[in-house]
Structure formats: C-alpha cells, structure tokens
Amino acid sequence: MSEQYFYVLYRAKLSFTFLNSSCELPDYTEFEQSLPALCVLSGHLEPLDRSSVKALHKYGREFARFADKQTEMTARMNEIISYIMERETEDLNYSTTMISGSGFRFNLPSGQILNQSSVMKFRIALPEFGLFISGFAELKEYHQDPASPGINCVTAEYIMIRNSDREAIIRAVTLIQQKELRLRAEKKAELNNDI
C-alpha cells in the first residue's frame with residue numbers, strides 16, 4: 001500500500017462490486033452527495049474526557065449532573081448507532097481479514113477472475129465502532145492463499161473515501177491494537193502467576 005498505516009487483522013463486514021474499466025469515478029463533491037444514509041450516522045460520539053468531567057464536578061452540582069448526563073447520553077447513542085449498523089449491514093456478505101487507513105484485505109474464491117488494478121466500489125461496516133464506510137478502492141495485489149486452496153487473498157487500496165472515514169478507521173485500528181496488547185499482557189500475567 002502506498003501510504004503506510006498500522007493495520008490489524010480484523011473481520012469487518014464487506015461488500016463490493018468491480019467496475020467496468022470504462023467507468024469513471026465521480027468527482028469528490030458528487031461522491032460525498034451520493035453516500036448512503038448510514039455514512040451520515042457513522043462513527044461513535046466522543047464522551048467528555050475524564051479531566052473535563054472532573055473539572056465540571058468542581059463547579060457544583062448542576063455542572064456535575066451535566067457532565068454525568070452527557071457521558072450517559074453519549075454511551076446510549078453509541079449503543080444505538082452500533083445496533084443500527086449491525087442490523088442494517090446484514091446484507092454485506094464478505095468480510096475483511098485485515099484493515100488499515102490505506103486499504104483492506106479479504107478472501108475471494110479463486111474462480112472469480114480478477115484484473116490487476118481493477119477498481120471496486122465497496123462498503124465496509126465495523127458495527128463495534130459504529131462505522132459504515134463507502135467508497136472506491138483499487139485492487140493492488142492478489143495471490144493464492146497457501147493455507148486455503150481455492151481462495152485468493154486480495155489487497156485493495158482506497159482511492160476515494162472521506163478523510164473523516166480514514167481517520168475513523170485509524171482510530172478503530174488503534175483501539176483494536178490497544179485491546180490486543182492489553183489481552184496479551186493479561187495472558188502473560190496469568191502465565192507468570194501460574195508459575
């Protein structure tokens with residue numbers, strides 16, 4: 001991938017359509033206007049950070065109630081967004097094996113003919129993070145998966161997504177990595193305790 005971003009092995013929901021070589025991509029404004037409604041809802045809301053909540057608590061009961069209510073409402077809204085993403089993306093019939101800020105990887109039966117540099121229109125959903133991303137990607141690489149005969153491992157690179165979607169993917173990748181590191185540290189601590 002041309003731009004280097006951290007990536008994680010992750011199963012996000014995916015659907016795609018390969019476009020004809022004669023098909024022209026829309027300009028960015030047209031692209032943004034044609035995005036599905038789920039893209040507008042996409043992304044979890046950020047609660048107040050701990051230091052802001054603590055600071056507001058110092059100013060009295062009303063400010064403390066406001067801070068607590070905002071935190072509670074943000075958590076509820078994020079649950080609703082994740083639920084909607086989960087329900088509305090049940091038709092996405094593939095899944096990624098890797099995702100990053102520059103693209104994604106997925107598996108495809110090797111019977112499907114692929115052309116290097118094919119362009120695809122894609123939709124990716126990460127309900128856990130309330131994300132729904134739609135855009136265009138270019139096929140960069142594909143090869144037979146040695147672990148799964150009859151399966152191609154396909155790498156695609158984004159050529160048109162919203163900047164806010166790329167940032168959201170990068171945040172999600174960071175959170176996934178942090179979670180994995182935390183789980184590894186916990187397992188290591190358990191093993192050390194068992195010795």
# chains A, B, ... in the order shown; residues from 1 in each chain; ligands from 1

$ select_by_dssp --residues "segment 74-140 of chain A" --states "alpha helix (DSSP H)" --output "list in words"
Thr74, Ala75, Arg76, Met77, Asn78, Glu79, Ile80, Ile81, Ser82, Tyr83, Ile84, Met85, Glu86, Arg87 and Glu88 of chain A

$ select_by_dssp --residues "segment 14-153 of chain A" --states "strand (DSSP E)" --output "PyMOL selection string"
chain A and resi 14-18+94-100+103-109+119-126+131-144+151-153

$ residues_around --residues "segment 160-167 of chain A" --least-positions-apart "6" --cutoff "6 Å" --atoms "only C-alpha atoms" --output "short mmCIF file (atom, residue, chain, number, x, y, z; two decimals) with N, CA and C atoms, in the first residue's frame"
data_model
loop_
_atom_site.label_atom_id
_atom_site.label_comp_id
_atom_site.auth_asym_id
_atom_site.auth_seq_id
_atom_site.Cartn_x
_atom_site.Cartn_y
_atom_site.Cartn_z
N GLY A 101 -5.65 2.23 7.51
CA GLY A 101 -6.02 3.54 6.99
C GLY A 101 -5.77 3.69 5.50
N GLY A 135 -16.95 3.72 -0.48
CA GLY A 135 -16.00 4.43 -1.33
C GLY A 135 -15.53 3.58 -2.48
N PHE A 136 -14.39 3.96 -3.03
CA PHE A 136 -13.80 3.25 -4.15
C PHE A 136 -12.40 2.81 -3.77
#

$ closest_residue --among "A:Pro36, A:Gly103, A:Pro26, A:Pro47" --to "Ala137 of chain A" --atoms "only C-alpha atoms"
A:Gly103

$ atom_distance --atom1 "atom CA of Glu138 of chain A" --atom2 "atom CA of Asn20 of chain A"
12.3 Å

$ residues_around --residues "segment 84-92 of chain A" --least-positions-apart "5" --cutoff "12 Å" --atoms "only C-alpha atoms" --output "PyMOL selection string"
chain A and resi 11-17+36-44+77-79+122-134

$ atom_distance --atom1 "atom CA of Leu139 of chain A" --atom2 "atom CA of Ile159 of chain A"
10.0 Å

$ residues_around --residues "Cys23 of chain A" --least-positions-apart "5" --cutoff "12 Å" --atoms "only C-alpha atoms" --output "list in words"
Phe18, Ser118, Val119, Met120, Lys121 and Phe136 of chain A

$ write_last_selection --atoms "N, CA, C and O atoms" --output "PDB file, in the first residue's frame"
ATOM      1  N   PHE A  18     -17.024  -4.892  -8.646  1.00  0.00           N
ATOM      2  CA  PHE A  18     -15.964  -4.464  -9.550  1.00  0.00           C
ATOM      3  C   PHE A  18     -16.591  -3.627 -10.655  1.00  0.00           C
ATOM      4  O   PHE A  18     -17.656  -3.956 -11.177  1.00  0.00           O
ATOM      5  N   SER A 118      -7.900  -3.392 -11.000  1.00  0.00           N
ATOM      6  CA  SER A 118      -9.351  -3.244 -11.130  1.00  0.00           C
ATOM      7  C   SER A 118      -9.838  -2.286 -10.052  1.00  0.00           C
ATOM      8  O   SER A 118      -9.292  -2.241  -8.950  1.00  0.00           O
ATOM      9  N   VAL A 119     -10.878  -1.539 -10.367  1.00  0.00           N
ATOM     10  CA  VAL A 119     -11.467  -0.617  -9.403  1.00  0.00           C
ATOM     11  C   VAL A 119     -12.760  -1.220  -8.887  1.00  0.00           C
ATOM     12  O   VAL A 119     -13.534  -1.813  -9.649  1.00  0.00           O
ATOM     13  N   MET A 120     -12.982  -1.086  -7.599  1.00  0.00           N
ATOM     14  CA  MET A 120     -14.199  -1.610  -6.995  1.00  0.00           C
ATOM     15  C   MET A 120     -14.884  -0.532  -6.167  1.00  0.00           C
ATOM     16  O   MET A 120     -14.232   0.352  -5.612  1.00  0.00           O
ATOM     17  N   LYS A 121     -16.191  -0.621  -6.135  1.00  0.00           N
ATOM     18  CA  LYS A 121     -16.965   0.197  -5.204  1.00  0.00           C
ATOM     19  C   LYS A 121     -17.201  -0.706  -4.003  1.00  0.00           C
ATOM     20  O   LYS A 121     -17.588  -1.865  -4.162  1.00  0.00           O
ATOM     21  N   PHE A 136     -14.392   3.961  -3.027  1.00  0.00           N
ATOM     22  CA  PHE A 136     -13.802   3.249  -4.153  1.00  0.00           C
ATOM     23  C   PHE A 136     -12.396   2.813  -3.768  1.00  0.00           C
ATOM     24  O   PHE A 136     -11.679   3.530  -3.063  1.00  0.00           O
TER      25      PHE A 136
END

$ atom_distance --atom1 "atom CA of Ile81 of chain A" --atom2 "atom CA of Ala172 of chain A"
15.1 Å

$ closest_residue --among "A:Ser52, A:Asn192, A:Thr97, A:Ser82" --to "Asp68 of chain A" --atoms "only C-alpha atoms"
A:Ser52

$ residues_around --residues "Gly150 of chain A" --least-positions-apart "4" --cutoff "8 Å" --atoms "only C-alpha atoms" --output "PDB file with all heavy atoms, in the first residue's frame"
ATOM      1  N   PRO A 109     -13.057 -16.511  -3.552  1.00  0.00           N
ATOM      2  CA  PRO A 109     -12.834 -17.781  -4.257  1.00  0.00           C
ATOM      3  C   PRO A 109     -12.013 -17.547  -5.528  1.00  0.00           C
ATOM      4  O   PRO A 109     -12.240 -16.579  -6.254  1.00  0.00           O
ATOM      5  CB  PRO A 109     -14.243 -18.259  -4.597  1.00  0.00           C
ATOM      6  CG  PRO A 109     -15.116 -17.596  -3.582  1.00  0.00           C
ATOM      7  CD  PRO A 109     -14.468 -16.269  -3.285  1.00  0.00           C
ATOM      8  N   SER A 110     -11.030 -18.418  -5.777  1.00  0.00           N
ATOM      9  CA  SER A 110     -10.117 -18.194  -6.897  1.00  0.00           C
ATOM     10  C   SER A 110     -10.793 -18.375  -8.253  1.00  0.00           C
ATOM     11  O   SER A 110     -10.220 -18.007  -9.272  1.00  0.00           O
ATOM     12  CB  SER A 110      -8.889 -19.104  -6.785  1.00  0.00           C
ATOM     13  OG  SER A 110      -9.292 -20.451  -6.697  1.00  0.00           O
ATOM     14  N   GLY A 111     -12.020 -18.871  -8.289  1.00  0.00           N
ATOM     15  CA  GLY A 111     -12.754 -18.991  -9.545  1.00  0.00           C
ATOM     16  C   GLY A 111     -13.149 -17.635 -10.116  1.00  0.00           C
ATOM     17  O   GLY A 111     -13.404 -17.502 -11.312  1.00  0.00           O
ATOM     18  N   GLN A 144      -2.827 -16.681  -4.406  1.00  0.00           N
ATOM     19  CA  GLN A 144      -3.422 -17.880  -3.819  1.00  0.00           C
ATOM     20  C   GLN A 144      -3.058 -17.942  -2.346  1.00  0.00           C
ATOM     21  O   GLN A 144      -1.897 -17.741  -1.985  1.00  0.00           O
ATOM     22  CB  GLN A 144      -2.884 -19.114  -4.550  1.00  0.00           C
ATOM     23  CG  GLN A 144      -3.488 -20.419  -4.095  1.00  0.00           C
ATOM     24  CD  GLN A 144      -4.848 -20.669  -4.696  1.00  0.00           C
ATOM     25  OE1 GLN A 144      -5.126 -20.232  -5.798  1.00  0.00           O
ATOM     26  NE2 GLN A 144      -5.702 -21.359  -3.976  1.00  0.00           N
ATOM     27  N   ASP A 145      -4.056 -18.160  -1.506  1.00  0.00           N
ATOM     28  CA  ASP A 145      -3.805 -18.300  -0.071  1.00  0.00           C
ATOM     29  C   ASP A 145      -3.242 -19.691   0.181  1.00  0.00           C
ATOM     30  O   ASP A 145      -3.935 -20.682  -0.051  1.00  0.00           O
ATOM     31  CB  ASP A 145      -5.111 -18.086   0.696  1.00  0.00           C
ATOM     32  CG  ASP A 145      -4.923 -18.089   2.196  1.00  0.00           C
ATOM     33  OD1 ASP A 145      -3.842 -18.467   2.678  1.00  0.00           O
ATOM     34  OD2 ASP A 145      -5.875 -17.707   2.905  1.00  0.00           O
TER      35      ASP A 145
END

$ decode --residues "segment 41-80 of chain A" --atoms "N, CA and C atoms" --output "tab-separated table (two decimals), in the first residue's frame"
chain	number	residue	atom	x	y	z
A	41	LEU	N	-24.62	8.62	9.68
A	41	LEU	CA	-24.69	8.18	11.07
A	41	LEU	C	-23.37	7.64	11.59
A	42	SER	N	-22.48	7.32	10.68
A	42	SER	CA	-21.27	6.58	11.00
A	42	SER	C	-20.41	7.27	12.05
A	43	GLY	N	-19.89	6.44	12.94
A	43	GLY	CA	-18.92	6.91	13.94
A	43	GLY	C	-19.53	7.10	15.31
A	44	HIS	N	-18.81	6.64	16.30
A	44	HIS	CA	-19.24	6.82	17.68
A	44	HIS	C	-19.00	8.25	18.12
A	45	LEU	N	-19.87	8.71	18.99
A	45	LEU	CA	-19.71	10.04	19.59
A	45	LEU	C	-18.65	9.97	20.68
A	46	GLU	N	-17.92	11.04	20.83
A	46	GLU	CA	-16.87	11.09	21.85
A	46	GLU	C	-17.46	11.64	23.15
A	47	PRO	N	-17.34	10.90	24.24
A	47	PRO	CA	-17.80	11.45	25.53
A	47	PRO	C	-16.79	12.49	26.02
A	48	LEU	N	-17.22	13.24	27.02
A	48	LEU	CA	-16.28	14.17	27.65
A	48	LEU	C	-15.13	13.36	28.23
A	49	ASP	N	-13.91	13.89	28.12
A	49	ASP	CA	-12.78	13.17	28.69
A	49	ASP	C	-12.82	13.28	30.22
A	50	ARG	N	-12.09	12.42	30.89
A	50	ARG	CA	-12.13	12.35	32.36
A	50	ARG	C	-11.76	13.67	33.03
A	51	SER	N	-10.76	14.35	32.47
A	51	SER	CA	-10.34	15.61	33.11
A	51	SER	C	-11.44	16.67	33.00
A	52	SER	N	-12.18	16.69	31.88
A	52	SER	CA	-13.29	17.64	31.74
A	52	SER	C	-14.41	17.32	32.72
A	53	VAL	N	-14.71	16.03	32.86
A	53	VAL	CA	-15.76	15.63	33.80
A	53	VAL	C	-15.36	16.02	35.22
A	54	LYS	N	-14.11	15.75	35.57
A	54	LYS	CA	-13.61	16.09	36.90
A	54	LYS	C	-13.69	17.60	37.14
A	55	ALA	N	-13.29	18.38	36.12
A	55	ALA	CA	-13.31	19.85	36.24
A	55	ALA	C	-14.73	20.35	36.42
A	56	LEU	N	-15.67	19.80	35.66
A	56	LEU	CA	-17.07	20.24	35.78
A	56	LEU	C	-17.65	19.88	37.15
A	57	HIS	N	-17.23	18.78	37.71
A	57	HIS	CA	-17.70	18.38	39.04
A	57	HIS	C	-17.28	19.40	40.10
A	58	LYS	N	-16.16	20.08	39.89
A	58	LYS	CA	-15.67	21.06	40.85
A	58	LYS	C	-16.54	22.32	40.87
A	59	TYR	N	-17.30	22.58	39.81
A	59	TYR	CA	-18.08	23.81	39.72
A	59	TYR	C	-19.49	23.69	40.31
A	60	GLY	N	-19.79	22.58	40.89
A	60	GLY	CA	-21.09	22.47	41.55
A	60	GLY	C	-21.93	21.34	40.99
A	61	ARG	N	-23.07	21.15	41.66
A	61	ARG	CA	-23.94	20.02	41.37
A	61	ARG	C	-24.52	20.06	39.97
A	62	GLU	N	-24.94	21.22	39.49
A	62	GLU	CA	-25.55	21.31	38.16
A	62	GLU	C	-24.55	20.95	37.06
A	63	PHE	N	-23.33	21.45	37.20
A	63	PHE	CA	-22.30	21.11	36.22
A	63	PHE	C	-21.95	19.63	36.29
A	64	ALA	N	-21.93	19.08	37.51
A	64	ALA	CA	-21.65	17.66	37.68
A	64	ALA	C	-22.73	16.82	37.02
A	65	ARG	N	-23.99	17.22	37.20
A	65	ARG	CA	-25.11	16.50	36.57
A	65	ARG	C	-25.02	16.58	35.05
A	66	PHE	N	-24.65	17.77	34.54
A	66	PHE	CA	-24.49	17.93	33.09
A	66	PHE	C	-23.42	16.98	32.56
A	67	ALA	N	-22.27	16.94	33.23
A	67	ALA	CA	-21.17	16.08	32.79
A	67	ALA	C	-21.58	14.62	32.81
A	68	ASP	N	-22.24	14.19	33.89
A	68	ASP	CA	-22.66	12.79	34.01
A	68	ASP	C	-23.72	12.44	32.96
A	69	LYS	N	-24.65	13.38	32.72
A	69	LYS	CA	-25.71	13.16	31.73
A	69	LYS	C	-25.12	13.06	30.32
A	70	GLN	N	-24.15	13.94	30.02
A	70	GLN	CA	-23.53	13.91	28.70
A	70	GLN	C	-22.82	12.57	28.49
A	71	THR	N	-22.11	12.08	29.49
A	71	THR	CA	-21.41	10.81	29.39
A	71	THR	C	-22.40	9.67	29.19
A	72	GLU	N	-23.50	9.69	29.96
A	72	GLU	CA	-24.53	8.66	29.86
A	72	GLU	C	-25.20	8.68	28.48
A	73	MET	N	-25.56	9.88	28.00
A	73	MET	CA	-26.24	10.00	26.69
A	73	MET	C	-25.31	9.58	25.55
A	74	THR	N	-24.05	9.91	25.65
A	74	THR	CA	-23.09	9.50	24.62
A	74	THR	C	-23.00	7.98	24.55
A	75	ALA	N	-22.92	7.34	25.71
A	75	ALA	CA	-22.86	5.87	25.74
A	75	ALA	C	-24.13	5.27	25.11
A	76	ARG	N	-25.29	5.83	25.44
A	76	ARG	CA	-26.55	5.33	24.86
A	76	ARG	C	-26.59	5.51	23.35
A	77	MET	N	-26.21	6.69	22.88
A	77	MET	CA	-26.21	6.96	21.45
A	77	MET	C	-25.25	6.02	20.71
A	78	ASN	N	-24.10	5.76	21.30
A	78	ASN	CA	-23.15	4.85	20.68
A	78	ASN	C	-23.71	3.43	20.58
A	79	GLU	N	-24.45	3.00	21.60
A	79	GLU	CA	-25.10	1.69	21.55
A	79	GLU	C	-26.14	1.64	20.44
A	80	ILE	N	-26.91	2.71	20.31
A	80	ILE	CA	-27.93	2.78	19.26
A	80	ILE	C	-27.28	2.75	17.87
